[in-house]
Amino acid sequence: MEVITLNKNTLNKKCLELISKVDFQPDAIVSVLNGGGFVVDVIKREIDCESILFMNVKLQRRRPLIKKILVFWVLVKLFNYKILDWFRRQESISVRKSIKWFDLNELSNIKVNLELNSNSKVKNILIIDDAIDTGRTIFVVLNNLKRQFSEANIKIAVIAWTIEDSIVKPDYFIFKNDLIRFPWSKDYKGKDFEKSSRS
């Protein structure tokens, strides 16, 4: 599995490439924070979005133990990308194995706060995130949107579809079966991205 690092400029190009693939006009765009917020920020700057409603959703994902160890993140600054890529591949193997343990009924019952009123006349919804790994987060968001907007056409767009066996498949994506290091990733070494610029 290849690890691809996107800097700010290549990220902007990939965001525009992603939105150019969308073949319907969304009434609402749901950005899954944090990564989806960065992607939507680029899209808002580059296309006319006046008629589109925007909302953000944030779910806390479970993180592997290694990401909780402060010493590891101190060492990240010392490691080169080859070593960091190896860590990413190991984490991906672990994440891939976790998919078989998901209880989809349990995930279907998780409620998230959607900022959009059910009375809004929304027919087309686009969910945007930076990546789908297991699909857990998007699955939860998608089920909540389906409950609230049962008649709406809902599609999913991501920069990276990391694991083909994910429980949710995106409708639009740029990378498939690749690991993407985004400018907001903890192991990104560039200085060209300001993390505070998020929806």
# chains A, B, ... in the order shown; residues from 1 in each chain; ligands from 1
>>> select_by_dssp(residues="region 23-189 of chain A", states="helix (DSSP H, G or I)", output="PyMOL selection string")
chain A and resi 35-46+65-68+70-76+81-101+104-108+136-148
>>> residues_around(residues="Glu17 (chain A)", least_positions_apart="3", cutoff="12 Å", atoms="only C-alpha atoms", output="compact mmCIF listing (two decimals) with C-alpha atoms, in the first residue's frame")
# COMPACT_ATOMS: atom_id res chain seq x y z
CA THR A 10 -1.64 19.29 -4.30
CA LEU A 11 -4.47 19.07 -1.77
CA ASN A 12 -6.22 22.04 -3.39
CA LYS A 13 -5.93 20.38 -6.81
CA LYS A 14 -7.28 17.07 -5.49
CA SER A 20 -15.55 17.97 -10.52
CA LYS A 21 -16.51 14.28 -10.31
CA VAL A 22 -19.79 15.02 -8.50
CA VAL A 39 -11.73 19.77 2.09
CA VAL A 42 -11.10 24.53 -0.36
CA ILE A 43 -14.31 23.81 -2.26
CA GLU A 46 -13.20 27.71 -5.52
CA ILE A 47 -16.83 27.21 -6.57
CA ALA A 157 -17.23 12.09 -1.68
CA VAL A 158 -13.75 11.57 -0.21
CA ILE A 159 -10.22 12.29 -1.29
CA TYR A 172 -16.71 9.74 -5.55
CA PHE A 173 -13.03 9.44 -4.64
CA ILE A 174 -9.59 10.31 -5.95
CA PHE A 175 -7.32 7.69 -4.36
>>> closest_residue(among="A:Leu107, A:Ile125, A:Ile83, A:Thr134", to="Ile156 (chain A)", atoms="only C-alpha atoms")
A:Ile125
>>> residues_around(residues="region 50-60 of chain A", least_positions_apart="4", cutoff="9 Å", atoms="only C-alpha atoms", output="MDAnalysis selection string")
chainID A and resid 25:34 36:37 112:116 122 137 140:141 199
>>> write_last_selection(atoms="all heavy atoms", output="compact mmCIF listing (two decimals), in the first residue's frame")
# COMPACT_ATOMS: atom_id res chain seq x y z
N GLN A 25 -26.33 18.12 -8.30
CA GLN A 25 -26.26 19.41 -7.61
C GLN A 25 -26.76 19.25 -6.18
O GLN A 25 -27.96 19.10 -5.95
CB GLN A 25 -27.10 20.45 -8.35
CG GLN A 25 -27.08 21.83 -7.71
CD GLN A 25 -25.70 22.45 -7.68
OE1 GLN A 25 -24.97 22.40 -8.64
NE2 GLN A 25 -25.34 23.02 -6.54
N PRO A 26 -25.85 19.26 -5.18
CA PRO A 26 -26.32 19.10 -3.80
C PRO A 26 -27.02 20.35 -3.29
O PRO A 26 -26.61 21.47 -3.58
CB PRO A 26 -25.03 18.82 -3.02
CG PRO A 26 -23.94 19.43 -3.83
CD PRO A 26 -24.39 19.37 -5.26
N ASP A 27 -28.10 20.13 -2.52
CA ASP A 27 -28.76 21.22 -1.80
C ASP A 27 -28.02 21.48 -0.49
O ASP A 27 -28.05 22.57 0.05
CB ASP A 27 -30.21 20.85 -1.45
CG ASP A 27 -31.02 20.46 -2.65
OD1 ASP A 27 -31.03 21.23 -3.63
OD2 ASP A 27 -31.60 19.36 -2.64
N ALA A 28 -27.40 20.41 0.03
CA ALA A 28 -26.69 20.49 1.30
C ALA A 28 -25.39 19.69 1.22
O ALA A 28 -25.36 18.63 0.59
CB ALA A 28 -27.56 19.96 2.44
N ILE A 29 -24.35 20.23 1.84
CA ILE A 29 -23.08 19.51 1.97
C ILE A 29 -22.79 19.33 3.45
O ILE A 29 -22.81 20.30 4.21
CB ILE A 29 -21.93 20.27 1.27
CG1 ILE A 29 -22.15 20.27 -0.24
CG2 ILE A 29 -20.58 19.64 1.63
CD1 ILE A 29 -21.08 21.00 -1.04
N VAL A 30 -22.55 18.09 3.83
CA VAL A 30 -22.22 17.75 5.21
C VAL A 30 -20.73 17.44 5.26
O VAL A 30 -20.27 16.50 4.62
CB VAL A 30 -23.03 16.52 5.69
CG1 VAL A 30 -22.63 16.13 7.10
CG2 VAL A 30 -24.53 16.78 5.59
N SER A 31 -19.99 18.25 5.99
CA SER A 31 -18.56 17.97 6.12
C SER A 31 -18.33 17.25 7.44
O SER A 31 -18.82 17.66 8.49
CB SER A 31 -17.73 19.25 6.05
OG SER A 31 -18.13 20.18 7.02
N VAL A 32 -17.60 16.14 7.35
CA VAL A 32 -17.26 15.36 8.53
C VAL A 32 -15.93 15.90 9.05
O VAL A 32 -14.91 15.79 8.39
CB VAL A 32 -17.17 13.85 8.20
CG1 VAL A 32 -16.85 13.05 9.46
CG2 VAL A 32 -18.47 13.36 7.57
N LEU A 33 -15.99 16.53 10.22
CA LEU A 33 -14.81 17.15 10.79
C LEU A 33 -13.90 16.12 11.44
O LEU A 33 -14.36 15.11 11.93
CB LEU A 33 -15.22 18.19 11.84
CG LEU A 33 -16.14 19.31 11.33
CD1 LEU A 33 -16.48 20.26 12.47
CD2 LEU A 33 -15.54 20.07 10.17
N ASN A 34 -12.60 16.35 11.39
CA ASN A 34 -11.96 17.58 11.02
C ASN A 34 -11.57 17.59 9.54
O ASN A 34 -11.64 18.63 8.89
CB ASN A 34 -10.69 17.80 11.84
CG ASN A 34 -11.00 18.21 13.27
OD1 ASN A 34 -12.03 18.82 13.54
ND2 ASN A 34 -10.11 17.88 14.17
N GLY A 36 -12.86 16.53 6.70
CA GLY A 36 -13.85 16.96 5.73
C GLY A 36 -14.04 18.47 5.73
O GLY A 36 -14.34 19.07 4.70
N GLY A 37 -13.83 19.10 6.89
CA GLY A 37 -13.93 20.55 6.98
C GLY A 37 -12.86 21.25 6.16
O GLY A 37 -13.11 22.26 5.51
N VAL A 112 -26.18 11.48 16.00
CA VAL A 112 -25.32 12.66 15.91
C VAL A 112 -26.19 13.89 15.75
O VAL A 112 -27.31 13.81 15.24
CB VAL A 112 -24.31 12.56 14.73
CG1 VAL A 112 -23.33 11.44 14.96
CG2 VAL A 112 -25.01 12.42 13.40
N ASN A 113 -25.66 15.01 16.19
CA ASN A 113 -26.39 16.26 16.08
C ASN A 113 -26.18 16.86 14.70
O ASN A 113 -25.08 17.26 14.35
CB ASN A 113 -25.90 17.23 17.18
CG ASN A 113 -26.66 18.53 17.16
OD1 ASN A 113 -27.77 18.60 16.66
ND2 ASN A 113 -26.05 19.56 17.71
N LEU A 114 -27.23 16.88 13.93
CA LEU A 114 -27.19 17.48 12.59
C LEU A 114 -27.73 18.90 12.70
O LEU A 114 -28.79 19.12 13.28
CB LEU A 114 -28.02 16.66 11.60
CG LEU A 114 -27.55 15.22 11.40
CD1 LEU A 114 -28.56 14.45 10.57
CD2 LEU A 114 -26.19 15.19 10.72
N GLU A 115 -27.00 19.84 12.15
CA GLU A 115 -27.36 21.25 12.26
C GLU A 115 -28.45 21.66 11.28
O GLU A 115 -28.82 22.82 11.22
CB GLU A 115 -26.12 22.11 12.02
CG GLU A 115 -24.99 21.82 12.99
CD GLU A 115 -23.67 22.40 12.51
OE1 GLU A 115 -23.61 22.96 11.40
OE2 GLU A 115 -22.70 22.25 13.25
N LEU A 116 -28.94 20.72 10.50
CA LEU A 116 -29.90 21.05 9.45
C LEU A 116 -31.31 20.68 9.91
O LEU A 116 -31.54 19.59 10.41
CB LEU A 116 -29.54 20.28 8.18
CG LEU A 116 -30.19 20.70 6.88
CD1 LEU A 116 -29.89 22.15 6.56
CD2 LEU A 116 -29.69 19.82 5.75
N VAL A 122 -34.56 19.64 1.35
CA VAL A 122 -33.29 19.11 0.90
C VAL A 122 -33.56 17.84 0.12
O VAL A 122 -34.12 16.88 0.64
CB VAL A 122 -32.36 18.83 2.11
CG1 VAL A 122 -31.09 18.16 1.66
CG2 VAL A 122 -32.06 20.11 2.87
N THR A 137 -17.33 6.09 10.61
CA THR A 137 -17.83 7.46 10.79
C THR A 137 -18.88 7.80 9.74
O THR A 137 -19.96 8.29 10.06
CB THR A 137 -16.66 8.46 10.71
OG1 THR A 137 -15.71 8.14 11.74
CG2 THR A 137 -17.14 9.89 10.91
N VAL A 140 -22.26 6.07 10.30
CA VAL A 140 -23.08 6.71 11.34
C VAL A 140 -23.73 7.98 10.80
O VAL A 140 -24.93 8.19 10.97
CB VAL A 140 -22.23 7.01 12.60
CG1 VAL A 140 -23.00 7.87 13.58
CG2 VAL A 140 -21.77 5.71 13.26
N VAL A 141 -22.95 8.81 10.12
CA VAL A 141 -23.50 10.05 9.56
C VAL A 141 -24.57 9.74 8.53
O VAL A 141 -25.66 10.33 8.54
CB VAL A 141 -22.36 10.91 8.94
CG1 VAL A 141 -22.94 12.10 8.18
CG2 VAL A 141 -21.39 11.37 10.03
N SER A 199 -13.70 24.72 8.45
CA SER A 199 -15.13 25.10 8.56
C SER A 199 -15.62 25.00 9.97
O SER A 199 -15.30 24.11 10.70
CB SER A 199 -15.97 24.18 7.68
OG SER A 199 -15.78 24.45 6.34
>>> residues_around(residues="Pro183 (chain A)", least_positions_apart="4", cutoff="7 Å", atoms="only C-alpha atoms", output="list of chain:residue names")
A:Leu6, A:Asn7, A:Lys8, A:Tyr188, A:Phe193
>>> write_last_selection(atoms="N, CA, C and O atoms", output="PDB file, in the first residue's frame")
ATOM      1  N   LEU A   6       0.306  14.727   0.556  1.00  0.00           N
ATOM      2  CA  LEU A   6      -0.234  15.884  -0.162  1.00  0.00           C
ATOM      3  C   LEU A   6       0.183  17.151   0.564  1.00  0.00           C
ATOM      4  O   LEU A   6      -0.019  17.261   1.775  1.00  0.00           O
ATOM      5  N   ASN A   7       0.756  18.111  -0.163  1.00  0.00           N
ATOM      6  CA  ASN A   7       0.998  19.415   0.445  1.00  0.00           C
ATOM      7  C   ASN A   7      -0.220  20.295   0.156  1.00  0.00           C
ATOM      8  O   ASN A   7      -1.201  19.840  -0.450  1.00  0.00           O
ATOM      9  N   LYS A   8      -0.174  21.538   0.580  1.00  0.00           N
ATOM     10  CA  LYS A   8      -1.331  22.411   0.423  1.00  0.00           C
ATOM     11  C   LYS A   8      -1.747  22.556  -1.040  1.00  0.00           C
ATOM     12  O   LYS A   8      -2.925  22.488  -1.373  1.00  0.00           O
ATOM     13  N   TYR A 188       2.714  15.046   9.257  1.00  0.00           N
ATOM     14  CA  TYR A 188       3.062  15.877   8.099  1.00  0.00           C
ATOM     15  C   TYR A 188       4.183  16.822   8.509  1.00  0.00           C
ATOM     16  O   TYR A 188       4.106  17.483   9.544  1.00  0.00           O
ATOM     17  N   PHE A 193       0.764  24.762   5.787  1.00  0.00           N
ATOM     18  CA  PHE A 193      -0.678  24.622   6.030  1.00  0.00           C
ATOM     19  C   PHE A 193      -1.016  25.141   7.412  1.00  0.00           C
ATOM     20  O   PHE A 193      -0.364  24.827   8.385  1.00  0.00           O
TER      21      PHE A 193
END
>>> residues_around(residues="Ile132 (chain A)", least_positions_apart="3", cutoff="10 Å", atoms="only C-alpha atoms", output="number ranges by chain")
A: 129, 135-139, 156-164, 166-170, 173, 176
>>> closest_residue(among="A:Ser98, A:Ile93, A:Gln148, A:Trp184", to="Lys121 (chain A)", atoms="only C-alpha atoms")
A:Gln148
>>> residues_around(residues="Glu151 (chain A)", least_positions_apart="4", cutoff="10 Å", atoms="only C-alpha atoms", output="NGL selection string")
:A and (122-124 or 146-147)
>>> closest_residue(among="A:Phe24, A:Asp133, A:Lys155, A:Phe38", to="Ser94 (chain A)", atoms="only C-alpha atoms")
A:Asp133
>>> atom_distance(atom1="CA of Ile127 (chain A)", atom2="CA of Ile99 (chain A)")
21.1 Å
>>> select_by_dssp(residues="region 29-160 of chain A", states="strand (DSSP E)", output="PDB file with N, CA and C atoms, in the first residue's frame")
ATOM      1  N   ILE A  29     -24.350  20.225   1.845  1.00  0.00           N
ATOM      2  CA  ILE A  29     -23.084  19.511   1.966  1.00  0.00           C
ATOM      3  C   ILE A  29     -22.791  19.332   3.447  1.00  0.00           C
ATOM      4  N   VAL A  30     -22.552  18.089   3.830  1.00  0.00           N
ATOM      5  CA  VAL A  30     -22.219  17.746   5.210  1.00  0.00           C
ATOM      6  C   VAL A  30     -20.733  17.439   5.261  1.00  0.00           C
ATOM      7  N   SER A  31     -19.994  18.253   5.987  1.00  0.00           N
ATOM      8  CA  SER A  31     -18.561  17.974   6.125  1.00  0.00           C
ATOM      9  C   SER A  31     -18.327  17.249   7.436  1.00  0.00           C
ATOM     10  N   VAL A  32     -17.599  16.143   7.351  1.00  0.00           N
ATOM     11  CA  VAL A  32     -17.261  15.359   8.534  1.00  0.00           C
ATOM     12  C   VAL A  32     -15.931  15.902   9.050  1.00  0.00           C
ATOM     13  N   LEU A  33     -15.995  16.526  10.222  1.00  0.00           N
ATOM     14  CA  LEU A  33     -14.807  17.152  10.794  1.00  0.00           C
ATOM     15  C   LEU A  33     -13.897  16.122  11.439  1.00  0.00           C
ATOM     16  N   LEU A  53     -26.653  24.636   1.357  1.00  0.00           N
ATOM     17  CA  LEU A  53     -26.608  24.659   2.821  1.00  0.00           C
ATOM     18  C   LEU A  53     -25.413  23.828   3.272  1.00  0.00           C
ATOM     19  N   PHE A  54     -24.681  24.310   4.270  1.00  0.00           N
ATOM     20  CA  PHE A  54     -23.531  23.583   4.794  1.00  0.00           C
ATOM     21  C   PHE A  54     -23.767  23.235   6.245  1.00  0.00           C
ATOM     22  N   MET A  55     -23.335  22.038   6.608  1.00  0.00           N
ATOM     23  CA  MET A  55     -23.352  21.668   8.025  1.00  0.00           C
ATOM     24  C   MET A  55     -22.145  20.806   8.321  1.00  0.00           C
ATOM     25  N   ASN A  56     -21.737  20.837   9.571  1.00  0.00           N
ATOM     26  CA  ASN A  56     -20.591  20.059  10.026  1.00  0.00           C
ATOM     27  C   ASN A  56     -21.040  18.991  11.003  1.00  0.00           C
ATOM     28  N   VAL A  57     -20.381  17.854  10.949  1.00  0.00           N
ATOM     29  CA  VAL A  57     -20.624  16.770  11.898  1.00  0.00           C
ATOM     30  C   VAL A  57     -19.272  16.320  12.418  1.00  0.00           C
ATOM     31  N   LYS A  58     -19.190  16.096  13.721  1.00  0.00           N
ATOM     32  CA  LYS A  58     -17.931  15.607  14.279  1.00  0.00           C
ATOM     33  C   LYS A  58     -18.221  14.400  15.155  1.00  0.00           C
ATOM     34  N   ASN A 124     -30.954  16.660  -2.343  1.00  0.00           N
ATOM     35  CA  ASN A 124     -29.651  16.069  -2.643  1.00  0.00           C
ATOM     36  C   ASN A 124     -28.633  16.481  -1.578  1.00  0.00           C
ATOM     37  N   ILE A 125     -28.046  15.491  -0.920  1.00  0.00           N
ATOM     38  CA  ILE A 125     -27.068  15.746   0.133  1.00  0.00           C
ATOM     39  C   ILE A 125     -25.742  15.098  -0.263  1.00  0.00           C
ATOM     40  N   LEU A 126     -24.675  15.850  -0.103  1.00  0.00           N
ATOM     41  CA  LEU A 126     -23.338  15.336  -0.357  1.00  0.00           C
ATOM     42  C   LEU A 126     -22.562  15.331   0.959  1.00  0.00           C
ATOM     43  N   ILE A 127     -22.102  14.154   1.359  1.00  0.00           N
ATOM     44  CA  ILE A 127     -21.248  14.021   2.533  1.00  0.00           C
ATOM     45  C   ILE A 127     -19.801  14.088   2.045  1.00  0.00           C
ATOM     46  N   ILE A 128     -19.004  14.952   2.666  1.00  0.00           N
ATOM     47  CA  ILE A 128     -17.602  15.088   2.279  1.00  0.00           C
ATOM     48  C   ILE A 128     -16.701  14.819   3.476  1.00  0.00           C
ATOM     49  N   ASP A 129     -15.706  13.967   3.261  1.00  0.00           N
ATOM     50  CA  ASP A 129     -14.682  13.716   4.272  1.00  0.00           C
ATOM     51  C   ASP A 129     -13.342  13.601   3.561  1.00  0.00           C
ATOM     52  N   ASP A 130     -12.278  13.650   4.333  1.00  0.00           N
ATOM     53  CA  ASP A 130     -10.968  13.506   3.705  1.00  0.00           C
ATOM     54  C   ASP A 130     -10.721  12.069   3.280  1.00  0.00           C
ATOM     55  N   ALA A 131     -11.140  11.098   4.119  1.00  0.00           N
ATOM     56  CA  ALA A 131     -10.854   9.695   3.804  1.00  0.00           C
ATOM     57  C   ALA A 131     -11.881   8.772   4.428  1.00  0.00           C
ATOM     58  N   ILE A 132     -12.071   7.625   3.799  1.00  0.00           N
ATOM     59  CA  ILE A 132     -12.815   6.520   4.391  1.00  0.00           C
ATOM     60  C   ILE A 132     -11.806   5.411   4.641  1.00  0.00           C
ATOM     61  N   ASN A 153     -31.621  12.125  -1.792  1.00  0.00           N
ATOM     62  CA  ASN A 153     -30.573  11.396  -2.496  1.00  0.00           C
ATOM     63  C   ASN A 153     -29.260  11.777  -1.806  1.00  0.00           C
ATOM     64  N   ILE A 154     -28.583  10.802  -1.188  1.00  0.00           N
ATOM     65  CA  ILE A 154     -27.373  11.086  -0.408  1.00  0.00           C
ATOM     66  C   ILE A 154     -26.180  10.395  -1.057  1.00  0.00           C
ATOM     67  N   LYS A 155     -25.140  11.168  -1.317  1.00  0.00           N
ATOM     68  CA  LYS A 155     -23.918  10.613  -1.911  1.00  0.00           C
ATOM     69  C   LYS A 155     -22.717  11.008  -1.060  1.00  0.00           C
ATOM     70  N   ILE A 156     -21.630  10.262  -1.254  1.00  0.00           N
ATOM     71  CA  ILE A 156     -20.430  10.420  -0.438  1.00  0.00           C
ATOM     72  C   ILE A 156     -19.231  10.718  -1.334  1.00  0.00           C
ATOM     73  N   ALA A 157     -18.447  11.738  -0.949  1.00  0.00           N
ATOM     74  CA  ALA A 157     -17.228  12.087  -1.675  1.00  0.00           C
ATOM     75  C   ALA A 157     -16.062  12.180  -0.695  1.00  0.00           C
ATOM     76  N   VAL A 158     -14.955  11.529  -1.035  1.00  0.00           N
ATOM     77  CA  VAL A 158     -13.746  11.568  -0.205  1.00  0.00           C
ATOM     78  C   VAL A 158     -12.523  11.694  -1.098  1.00  0.00           C
ATOM     79  N   ILE A 159     -11.475  12.248  -0.554  1.00  0.00           N
ATOM     80  CA  ILE A 159     -10.215  12.291  -1.293  1.00  0.00           C
ATOM     81  C   ILE A 159      -9.648  10.876  -1.396  1.00  0.00           C
ATOM     82  N   ALA A 160      -9.682  10.132  -0.276  1.00  0.00           N
ATOM     83  CA  ALA A 160      -9.062   8.804  -0.254  1.00  0.00           C
ATOM     84  C   ALA A 160     -10.008   7.744   0.287  1.00  0.00           C
TER      85      ALA A 160
END
>>> residues_around(residues="Glu106 (chain A)", least_positions_apart="3", cutoff="12 Å", atoms="only C-alpha atoms", output="PyMOL selection string")
chain A and resi 101-103+109-111+136+139-140+143
>>> atom_distance(atom1="CA of Asp187 (chain A)", atom2="CA of Tyr81 (chain A)")
8.4 Å
>>> atom_distance(atom1="CA of Arg88 (chain A)", atom2="CA of Asp178 (chain A)")
10.6 Å
